[in-house]
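Peer 1: Below is the file upload-v7.csv, which contains CSV, C-alpha atoms.
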chain,number,residue,atom,x,y,z
A,1,MET,CA,-12.2,-9.1,-0.1
A,2,ALA,CA,-10.6,-10.1,3.1
A,3,GLU,CA,-11.0,-6.8,4.8
A,4,SER,CA,-13.8,-4.3,4.3
A,5,THR,CA,-13.2,-0.7,3.2
A,6,ILE,CA,-12.4,1.6,6.0
A,7,LEU,CA,-14.5,4.8,6.1
A,8,ILE,CA,-13.6,7.8,8.2
A,9,HIS,CA,-16.3,10.4,8.7
A,10,GLU,CA,-15.5,14.0,9.6
A,11,GLN,CA,-16.4,13.8,13.2
A,12,ARG,CA,-14.2,10.8,13.9
A,13,TYR,CA,-11.4,12.4,11.9
A,14,HIS,CA,-11.5,15.6,14.0
A,15,GLU,CA,-11.7,13.5,17.3
A,16,ILE,CA,-8.6,11.7,16.2
A,17,LYS,CA,-6.8,14.9,15.2
A,18,ALA,CA,-7.6,16.4,18.6
A,19,VAL,CA,-6.0,13.4,20.4
A,20,LEU,CA,-3.0,13.7,18.2
A,21,ALA,CA,-2.7,17.4,18.9
A,22,ARG,CA,-2.9,16.8,22.6
A,23,LEU,CA,-0.3,14.0,22.4
A,24,ARG,CA,2.0,16.2,20.4
A,25,LEU,CA,1.8,18.9,23.1
A,26,ASP,CA,2.1,16.6,26.1
A,27,ALA,CA,5.0,14.6,24.6
A,28,ALA,CA,6.8,17.8,23.3
A,29,ALA,CA,7.0,16.0,19.9
A,30,ARG,CA,7.6,17.5,16.5
A,31,LEU,CA,5.1,15.4,14.7
A,32,VAL,CA,2.5,12.7,15.4
A,33,VAL,CA,1.1,10.4,12.7
A,34,LEU,CA,-1.6,7.8,12.9
A,35,VAL,CA,-1.1,5.0,10.3
A,36,ASP,CA,-3.0,2.0,9.3
A,37,LYS,CA,-1.0,-1.3,9.6
A,38,ASP,CA,-1.3,-1.5,5.8
A,39,GLY,CA,0.6,1.7,5.4
A,40,GLN,CA,-2.2,4.2,4.8
A,41,GLN,CA,-1.9,7.5,6.6
A,42,ILE,CA,-5.0,8.2,8.7
A,43,ALA,CA,-4.2,11.6,10.3
A,44,VAL,CA,-1.2,13.7,11.0
A,45,HIS,CA,-0.5,16.6,13.4
A,46,GLY,CA,2.5,18.8,14.0
A,47,ASP,CA,5.5,20.4,12.3
A,48,LEU,CA,5.4,18.8,8.8
A,49,ALA,CA,8.0,21.2,7.2
A,50,ASP,CA,8.8,19.3,4.0
A,51,LEU,CA,8.5,15.8,5.5
A,52,ASP,CA,7.0,13.3,3.2
A,53,THR,CA,4.4,11.7,5.6
A,54,THR,CA,3.0,9.4,3.0
A,55,SER,CA,6.4,7.7,2.6
A,56,LEU,CA,6.9,7.8,6.4
A,57,ALA,CA,3.5,6.0,6.9
A,58,SER,CA,4.4,3.3,4.3
A,59,LEU,CA,7.9,2.8,5.8
A,60,ALA,CA,6.5,2.7,9.4
A,61,ALA,CA,4.1,0.0,8.4
A,62,GLY,CA,6.8,-1.9,6.6
A,63,ASN,CA,9.0,-1.6,9.7
A,64,VAL,CA,6.3,-2.9,12.0
A,65,ALA,CA,5.5,-5.7,9.6
A,66,ALA,CA,9.1,-6.8,9.4
A,67,THR,CA,9.7,-6.7,13.2
A,68,GLY,CA,6.4,-8.4,13.7
A,69,GLY,CA,7.6,-11.2,11.4
A,70,MET,CA,10.8,-11.5,13.5
A,71,ALA,CA,8.7,-11.6,16.7
A,72,LYS,CA,6.7,-14.5,15.3
A,73,LEU,CA,10.0,-16.3,14.5
A,74,ILE,CA,11.1,-16.2,18.1
A,75,GLY,CA,7.6,-17.1,19.5
A,76,GLU,CA,6.3,-13.6,20.3
A,77,ARG,CA,2.9,-12.4,19.0
A,78,GLU,CA,4.3,-8.9,18.1
A,79,PHE,CA,6.6,-6.2,19.4
A,80,PRO,CA,4.2,-3.6,20.6
A,81,THR,CA,6.6,-0.6,20.4
A,82,LEU,CA,9.6,0.3,18.3
A,83,SER,CA,12.1,3.1,18.9
A,84,HIS,CA,14.7,4.5,16.5
A,85,GLU,CA,17.0,7.0,18.1
A,86,GLY,CA,19.1,9.3,15.8
A,87,ASP,CA,21.6,12.0,16.6
A,88,ARG,CA,19.0,14.8,16.4
A,89,GLU,CA,15.6,13.3,15.5
A,90,SER,CA,14.0,10.1,16.8
A,91,ILE,CA,11.0,8.0,16.1
A,92,HIS,CA,8.8,6.0,18.4
A,93,ILE,CA,6.1,3.7,17.0
A,94,SER,CA,3.3,2.0,19.1
A,95,VAL,CA,1.2,-0.7,17.7
A,96,ILE,CA,-2.5,-0.1,18.8
A,97,GLY,CA,-4.6,-2.9,17.4
A,98,ARG,CA,-4.7,-2.3,13.6
A,99,VAL,CA,-3.2,1.1,13.7
A,100,LEU,CA,0.3,2.5,14.4
A,101,LEU,CA,1.0,5.7,16.4
A,102,VAL,CA,4.2,7.2,15.0
A,103,VAL,CA,5.8,10.0,17.1
A,104,VAL,CA,8.7,12.0,15.7
A,105,PHE,CA,10.6,14.0,18.3
A,106,ASP,CA,13.9,15.7,18.9
A,107,GLN,CA,16.1,16.8,21.9
A,108,ARG,CA,13.3,18.9,23.3
A,109,SER,CA,11.6,15.6,24.4
A,110,SER,CA,12.8,12.2,25.5
A,111,LEU,CA,12.0,8.6,24.7
A,112,GLY,CA,10.6,8.0,28.2
A,113,LEU,CA,8.2,10.9,27.9
A,114,VAL,CA,7.1,9.9,24.4
A,115,LYS,CA,6.5,6.3,25.5
A,116,LEU,CA,4.5,7.4,28.5
A,117,ARG,CA,2.3,9.9,26.7
A,118,SER,CA,1.8,7.5,23.7
A,119,LYS,CA,0.6,4.8,26.1
A,120,GLN,CA,-1.8,7.2,27.8
A,121,VAL,CA,-3.6,8.0,24.5
A,122,SER,CA,-3.5,4.4,23.2
A,123,HIS,CA,-6.8,3.4,24.8
A,124,GLU,CA,-8.5,6.5,23.4
A,125,LEU,CA,-7.2,5.8,19.9
A,126,ALA,CA,-8.1,2.1,20.1
A,127,ALA,CA,-11.7,3.0,21.1
A,128,ALA,CA,-11.9,5.6,18.3
A,129,PHE,CA,-10.7,3.1,15.7
A,130,ASN,CA,-13.1,0.4,17.0
A,131,GLU,CA,-15.9,2.9,16.3
A,132,ILE,CA,-14.5,3.6,12.8
A,133,GLU,CA,-14.5,-0.1,12.1
A,134,ARG,CA,-18.0,-0.5,13.4
A,135,GLU,CA,-19.2,2.5,11.3
A,136,SER,CA,-17.3,1.1,8.2
A,137,LEU,CA,-19.1,-2.2,8.5
A,138,SER,CA,-22.5,-0.7,8.9
A,139,ALA,CA,-21.8,1.7,6.0
A,140,ALA,CA,-21.0,-1.3,3.9
A,141,ASN,CA,-24.6,-2.2,4.0
A,142,GLN,CA,-25.7,1.2,2.9
A,143,SER,CA,-25.3,2.8,-0.4
A,144,LEU,CA,-22.0,4.8,-0.7
A,145,PRO,CA,-21.6,7.8,-3.0
A,146,PHE,CA,-19.2,5.6,-5.0
A,147,GLY,CA,-22.1,3.4,-6.0
A,148,GLU,CA,-22.8,6.1,-8.4
A,149,ILE,CA,-19.4,6.2,-10.0
A,150,THR,CA,-19.8,5.7,-13.7
A,151,ASP,CA,-17.5,4.2,-16.3
A,152,GLU,CA,-17.0,7.7,-17.7
A,153,ASP,CA,-15.9,8.9,-14.2
A,154,ILE,CA,-13.3,6.2,-14.1
A,155,ASP,CA,-12.2,6.7,-17.7
A,156,SER,CA,-11.8,10.5,-17.1
A,157,LEU,CA,-9.2,9.8,-14.3
A,158,PHE,CA,-6.9,8.2,-16.9
A,159,SER,CA,-7.4,10.7,-19.7
A,160,GLN,CA,-4.5,12.8,-18.4
A,161,MET,CA,-2.1,9.9,-18.1
B,1,MET,CA,-8.2,-2.5,1.8
B,2,THR,CA,-9.5,0.7,0.3
B,3,PHE,CA,-9.3,3.6,2.7
B,4,ILE,CA,-11.9,6.4,2.4
B,5,ASN,CA,-11.5,9.6,4.4
B,6,TYR,CA,-14.6,11.8,4.2
B,7,ALA,CA,-12.9,14.6,6.1
B,8,SER,CA,-10.0,15.0,3.7
B,9,ARG,CA,-12.1,13.6,0.8
B,10,GLU,CA,-9.6,11.0,-0.3
B,11,ILE,CA,-9.7,7.5,-1.5
B,12,ASN,CA,-6.5,5.5,-1.0
B,13,CYS,CA,-6.0,2.1,-2.7
B,14,LYS,CA,-3.0,-0.3,-2.6
B,15,ILE,CA,-1.7,-2.0,-5.7
B,16,VAL,CA,1.1,-4.6,-5.6
B,17,TYR,CA,3.3,-5.6,-8.5
B,18,TYR,CA,4.3,-9.3,-8.1
B,19,GLY,CA,6.4,-11.7,-10.2
B,20,PRO,CA,9.7,-13.6,-10.3
B,21,GLY,CA,13.1,-12.1,-9.7
B,22,LEU,CA,14.3,-9.6,-12.4
B,23,CYS,CA,10.9,-9.7,-14.3
B,24,GLY,CA,10.7,-5.9,-14.2
B,25,LYS,CA,8.5,-5.0,-11.3
B,26,THR,CA,10.7,-2.1,-10.2
B,27,THR,CA,11.2,-1.0,-13.8
B,28,ASN,CA,7.4,-0.7,-14.1
B,29,LEU,CA,7.3,1.6,-11.1
B,30,GLN,CA,10.4,3.5,-12.2
B,31,HIS,CA,8.8,4.2,-15.6
B,32,ILE,CA,5.5,5.4,-13.9
B,33,TYR,CA,7.6,7.7,-11.7
B,34,ASP,CA,9.7,9.1,-14.5
B,35,SER,CA,6.6,9.8,-16.7
B,36,THR,CA,4.3,11.4,-14.1
B,37,ALA,CA,3.9,15.1,-13.4
B,38,PRO,CA,5.6,16.1,-10.1
B,39,GLN,CA,2.4,17.2,-8.5
B,40,ALA,CA,0.8,13.8,-9.1
B,41,LYS,CA,3.4,11.7,-7.4
B,42,GLY,CA,5.3,11.3,-4.1
B,43,LYS,CA,8.8,10.0,-3.7
B,44,LEU,CA,9.8,6.6,-5.1
B,45,ILE,CA,11.1,4.7,-2.1
B,46,SER,CA,13.3,1.8,-3.0
B,47,LEU,CA,14.5,-0.6,-0.3
B,48,ALA,CA,17.1,-2.3,-2.4
B,49,THR,CA,20.4,-4.1,-1.9
B,50,GLU,CA,23.7,-2.6,-3.0
B,51,THR,CA,23.2,-4.3,-6.4
B,52,ASP,CA,19.8,-2.8,-6.9
B,53,ARG,CA,17.8,-5.9,-6.2
B,54,THR,CA,14.6,-5.2,-4.2
B,55,LEU,CA,15.3,-6.2,-0.6
B,56,PHE,CA,11.9,-5.3,1.0
B,57,PHE,CA,9.7,-3.3,-1.3
B,58,ASP,CA,9.5,-0.3,-3.7
B,59,PHE,CA,6.8,2.2,-2.9
B,60,MET,CA,5.3,5.2,-4.7
B,61,PRO,CA,2.1,7.1,-4.1
B,62,LEU,CA,0.3,8.3,-7.3
B,63,GLU,CA,-2.6,10.7,-7.4
B,64,LEU,CA,-4.8,10.1,-10.4
B,65,GLY,CA,-7.3,12.9,-10.0
B,66,THR,CA,-10.7,13.5,-8.5
B,67,VAL,CA,-13.7,11.4,-8.8
B,68,ARG,CA,-17.1,12.5,-7.3
B,69,GLY,CA,-15.2,15.1,-5.3
B,70,PHE,CA,-12.7,12.6,-3.8
B,71,LYS,CA,-9.0,12.7,-4.5
B,72,THR,CA,-8.0,9.2,-5.8
B,73,ARG,CA,-4.6,8.0,-4.7
B,74,PHE,CA,-3.0,4.7,-5.5
B,75,HIS,CA,-0.2,3.4,-3.4
B,76,LEU,CA,2.0,1.3,-5.7
B,77,TYR,CA,4.2,-1.4,-4.2
B,78,THR,CA,6.5,-4.1,-5.6
B,79,VAL,CA,7.6,-7.2,-3.8
B,80,PRO,CA,11.1,-8.7,-3.8
B,81,GLY,CA,11.1,-11.4,-6.5
B,82,GLN,CA,13.9,-13.5,-5.3
B,83,VAL,CA,12.7,-16.8,-3.8
B,84,PHE,CA,14.4,-16.4,-0.4
B,85,TYR,CA,12.5,-13.1,0.4
B,86,GLU,CA,9.3,-15.1,0.9
B,87,ALA,CA,8.5,-13.6,4.3
B,88,SER,CA,8.8,-10.0,3.1
B,89,ARG,CA,6.7,-10.8,0.0
B,90,LYS,CA,3.9,-12.1,2.2
B,91,LEU,CA,3.9,-9.0,4.4
B,92,ILE,CA,3.5,-6.6,1.5
B,93,LEU,CA,0.3,-8.3,0.2
B,94,LYS,CA,-1.5,-7.4,3.4
B,95,GLY,CA,-4.4,-5.0,2.6
B,96,VAL,CA,-3.9,-5.2,-1.1
B,97,ASP,CA,-6.7,-3.9,-3.4
B,98,GLY,CA,-5.3,-5.0,-6.8
B,99,VAL,CA,-2.4,-7.1,-8.1
B,100,VAL,CA,-0.3,-6.9,-11.2
B,101,PHE,CA,1.6,-10.1,-12.0
B,102,VAL,CA,4.6,-9.2,-14.1
B,103,ALA,CA,5.7,-12.3,-16.1
B,104,ASP,CA,9.1,-12.5,-17.8
B,105,SER,CA,8.4,-13.6,-21.4
B,106,GLN,CA,11.8,-15.3,-21.9
B,107,GLU,CA,11.6,-19.0,-22.4
B,108,GLU,CA,14.1,-19.8,-19.6
B,109,ARG,CA,12.0,-17.9,-17.1
B,110,MET,CA,8.8,-19.8,-17.6
B,111,ASP,CA,9.3,-22.1,-14.7
B,112,ALA,CA,10.1,-19.1,-12.5
B,113,ASN,CA,6.8,-17.4,-13.6
B,114,ILE,CA,4.8,-20.5,-12.8
B,115,GLU,CA,6.4,-20.8,-9.4
B,116,SER,CA,5.9,-17.1,-8.6
B,117,LEU,CA,2.3,-17.2,-9.6
B,118,TYR,CA,1.7,-20.3,-7.5
B,119,ASN,CA,3.4,-18.4,-4.6
B,120,LEU,CA,1.1,-15.4,-5.2
B,121,GLU,CA,-2.0,-17.5,-4.9
B,122,GLU,CA,-0.7,-19.1,-1.7
B,123,ASN,CA,0.3,-15.8,-0.1
B,124,LEU,CA,-3.1,-14.2,-1.0
B,125,ARG,CA,-4.9,-17.2,0.5
B,126,SER,CA,-2.9,-16.8,3.7
B,127,HIS,CA,-4.3,-13.2,4.0
B,128,GLY,CA,-7.8,-14.5,3.2
B,129,TYR,CA,-7.9,-13.3,-0.4
B,130,ASP,CA,-8.8,-15.3,-3.5
B,131,LEU,CA,-7.0,-14.5,-6.7
B,132,ALA,CA,-10.2,-15.3,-8.6
B,133,LYS,CA,-12.0,-12.5,-6.8
B,134,ILE,CA,-9.5,-9.6,-6.6
B,135,PRO,CA,-8.7,-7.0,-9.3
B,136,TYR,CA,-5.9,-8.6,-11.2
B,137,VAL,CA,-3.9,-8.0,-14.4
B,138,LEU,CA,-1.3,-10.2,-16.1
B,139,GLN,CA,1.5,-8.3,-17.8
B,140,LEU,CA,3.8,-10.1,-20.2
B,141,ASN,CA,7.0,-8.1,-20.0
B,142,LYS,CA,10.3,-8.1,-22.0
B,143,ARG,CA,8.5,-8.6,-25.3
B,144,ASP,CA,11.4,-7.0,-27.1
B,145,LEU,CA,13.9,-9.8,-26.3
B,146,PRO,CA,14.7,-12.4,-28.9
B,147,ASN,CA,14.1,-15.5,-26.9
B,148,VAL,CA,10.5,-14.8,-25.9
B,149,ILE,CA,7.6,-17.3,-25.9
B,150,ALA,CA,4.5,-16.4,-27.9
B,151,SER,CA,2.1,-14.4,-25.9
B,152,SER,CA,-0.8,-16.8,-26.4
B,153,GLU,CA,1.4,-19.6,-25.1
B,154,ILE,CA,2.3,-17.7,-21.9
B,155,ALA,CA,-1.3,-16.6,-21.4
B,156,ALA,CA,-2.5,-20.2,-21.8
B,157,GLU,CA,-0.1,-21.2,-19.0
B,158,LEU,CA,-0.5,-18.2,-16.6
B,159,GLN,CA,-3.9,-16.7,-17.2
B,160,ARG,CA,-6.2,-17.6,-14.3
B,161,LYS,CA,-9.6,-16.1,-14.8
B,162,GLY,CA,-9.9,-14.2,-18.0
B,163,GLU,CA,-7.9,-11.2,-16.6
B,164,PRO,CA,-6.6,-8.6,-18.9
B,165,VAL,CA,-3.3,-9.7,-20.5
B,166,ILE,CA,-1.0,-6.8,-21.5
B,167,GLU,CA,2.2,-7.1,-23.5
B,168,ALA,CA,4.9,-4.8,-22.2
B,169,VAL,CA,8.5,-3.6,-22.5
B,170,ALA,CA,8.8,-1.9,-19.1
B,171,SER,CA,12.3,-0.6,-19.8
B,172,THR,CA,10.9,1.6,-22.6
B,173,GLY,CA,7.5,2.1,-21.1
B,174,VAL,CA,5.5,0.1,-23.5
B,175,GLY,CA,2.4,-1.3,-21.8
B,176,VAL,CA,3.3,0.1,-18.4
B,177,PHE,CA,0.4,2.6,-18.2
B,178,ASP,CA,-2.0,0.3,-19.9
B,179,THR,CA,-1.3,-2.2,-17.1
B,180,LEU,CA,-1.8,0.4,-14.4
B,181,LYS,CA,-5.0,1.6,-16.0
B,182,ALA,CA,-6.4,-1.9,-16.3
B,183,VAL,CA,-5.8,-2.8,-12.6
B,184,ALA,CA,-6.8,0.7,-11.3
B,185,LYS,CA,-10.0,0.5,-13.3
B,186,GLN,CA,-10.9,-2.8,-11.7
B,187,VAL,CA,-10.1,-1.5,-8.2
B,188,LEU,CA,-12.5,1.4,-8.7
B,189,THR,CA,-15.2,-0.8,-10.3
B,190,GLU,CA,-14.9,-3.0,-7.2
B,191,LEU,CA,-15.3,0.0,-5.0
B,192,ARG,CA,-18.5,0.8,-6.9
B,193,ARG,CA,-19.8,-2.7,-6.3
B,194,SER,CA,-19.0,-2.7,-2.6
Could you rewrite the structure in this file as structure tokens?
Peer 2:
Amino acid sequence: MAESTILIHEQRYHEIKAVLARLRLDAAARLVVLVDKDGQQIAVHGDLADLDTTSLASLAAGNVAATGGMAKLIGEREFPTLSHEGDRESIHISVIGRVLLVVVFDQRSSLGLVKLRSKQVSHELAAAFNEIERESLSAANQSLPFGEITDEDIDSLFSQM
Amino acid sequence: MTFINYASREINCKIVYYGPGLCGKTTNLQHIYDSTAPQAKGKLISLATETDRTLFFDFMPLELGTVRGFKTRFHLYTVPGQVFYEASRKLILKGVDGVVFVADSQEERMDANIESLYNLEENLRSHGYDLAKIPYVLQLNKRDLPNVIASSEIAAELQRKGEPVIEAVASTGVGVFDTLKAVAKQVLTELRRS
């Protein structure tokens, strides 16, 4: 495969969650989501209410991929931030290496504040994700619990379908 | 790229349905969505034109159940089939764990199938993947139509590596889950190997 499996261990996950929680507070945001560029949600913190964050993650990745494609067409490497301002709710997306930091905010905050606070945590998140990639690579050389998945385990997943 | 979260004990995998325009990729997803229990699925997101042609992608998360204590979730995507959406098609293949090629069995669509399969191989290569090595299933759709080519004939033309070939009528659901199972099983088997 072109890219190795990404593994997130509990300690890293809680570190990332702590950064997101701090960002949410500092940016007065409603919700903060960390998403892989392929559309997988990594962690989320904030007021979820009935928001479908899985779809939000997938659409944010599609959004960044599409604008990244446009960037290349005009000779840019990528657009590092994207903002969408609505009447009540807004979204700000920062591209941090292979992850996307998605901040959902309303009139209690402002685009300027969200941009500033997002930038402030971007190095921290980039470093955490570099560690995750390093750990994933080293784990690839060790035996994972899934090495023990049997054909019966796999079949049982489909027995309900 | 499979995503394993030890904290939330989840495995997330990405499956992409590929194929020529109007071959039934969205219909496959729609049937899976309609036939799955509410607690196992998220929303079906369709980024389509006003005439219901896929513009960017369709997306639906599907939770299969638990294996070895990990929730197993598949993210199902379709690509836009129309030739001029090439740039979007390429983007969606990024990070893919398994591919379903939906072939249109009608005689007049054979050239479109061949062109789309060639395009799939090219686009996979551009992301560093090799069709010969990734989990892959060939679905022969629209088997209920009168002007279809014999399955053996389509398979001879389109089969690349002895992948499972599944006959389907996605509009009524025939073969849809068999296709999904065949690709998901390969993805999980691949995970065991890695």
Peer 1: Hey, can you check how far CA of Arg68 (chain B) sits from CA of Lys181 (chain B)?
Peer 2: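 Between CA of Arg68 (chain B) and CA of Lys181 (chain B) the gap is 18.5 Å.
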Peer 1: If we count all atoms listed in the file, which residues of chain A reach to within 8 Å of chain B? Please list them as a PyMOL selection string.
Peer 2: chain A and resi 1-11+13+38+40+42+52+54-55+58+62+65-66+69+140+145-149+153-155+157-158+161
Peer 1: Of the candidates B:Gln82, B:Ser105, B:Asn113, B:Ser126, which one gets nearest to Leu145 (chain B) if we count all atoms listed in the file?
Peer 2: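 Answer, going by the shortest atom-to-atom distance: B:Ser105.
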Peer 1: Which of these, B:Arg73, B:Pro38, B:Asp111, B:Gly21, has the shortest distance to Thr54 (chain B) once you count only C-alpha atoms?
Peer 2: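 Of the candidates, the smallest distance to Thr54 (chain B) is held by B:Gly21.
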Peer 1: Just how far from CA of His14 (chain A) is CA of Ser94 (chain A), in Å to one decimal?
Peer 2: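 Going from CA of Ser94 (chain A) over to CA of His14 (chain A), I get 20.7 Å.
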Peer 1: From the set B:Arg160, B:Ile15, B:Asn123, B:Gln106, which residue has the shortest atom-to-atom contact distance to Asn147 (chain B), counting all atoms listed in the file?
Peer 2: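 Result for the nearest residue to Asn147 (chain B): B:Gln106.
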Peer 1: Would you kindly return, as a PDB file with C-alpha atoms, in the frame of the given file, each protein, DNA or RNA residue with an atom no farther than 8 Å from any atom of Arg89 (chain B), considering all atoms listed in the file and excluding same-chain residues fewer than 5 positions away?
Peer 2:
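Okay, this is what ended up in around.pdb:
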ATOM      1  CA  PHE B  56      11.900  -5.300   1.000  1.00  0.00           C
ATOM      2  CA  VAL B  79       7.600  -7.200  -3.800  1.00  0.00           C
ATOM      3  CA  PRO B  80      11.100  -8.700  -3.800  1.00  0.00           C
ATOM      4  CA  GLY B  81      11.100 -11.400  -6.500  1.00  0.00           C
TER       5      GLY B  81
END
Peer 1: Which protein, DNA or RNA residues are at most 12 Å from (9.8, -7.7, -9.5) in the file's coordinates when you count only C-alpha atoms, listed as a ChimeraX atom specification?
Peer 2: /B:16-30,48,52-58,77-83,85,89,100-104,112-113,116,139,141,170
Peer 1: Could you tell me how far CA of Leu62 (chain B) sits from CA of Arg30 (chain A), in Å to one decimal place?
Peer 2: 26.5 Å
Peer 1: Considering only C-alpha atoms, can you say which of A:Glu15, A:Asn130, A:Ser109, A:Glu89 comes closest to Ala28 (chain A)?
Peer 2: A:Ser109
Peer 1: Using all atoms of region 42-50 of chain B that appear in the file, construct an axis-aligned enclosing box with 5 Å of padding on every side and provide its centre coordinates and edge lengths in Å, rounded to one decimal, as JSON.
Peer 2:
{"center_x": 14.5, "center_y": 3.6, "center_z": -2.7, "size_x": 28.4, "size_y": 25.4, "size_z": 14.8}
Peer 1: My list of candidates is B:Arg109, B:Val169, B:Ala182, B:Lys41. Which is closest to Leu140 (chain B) when distances are computed with only C-alpha atoms?
Peer 2: B:Val169
Peer 1: Please provide the set of residues having any atom within 7 Å of Gly39 (chain A), restricted to only C-alpha atoms, with same-chain residues fewer than 4 positions apart removed, written as number ranges by chain.
Peer 2: A: 35, 57-58, 61
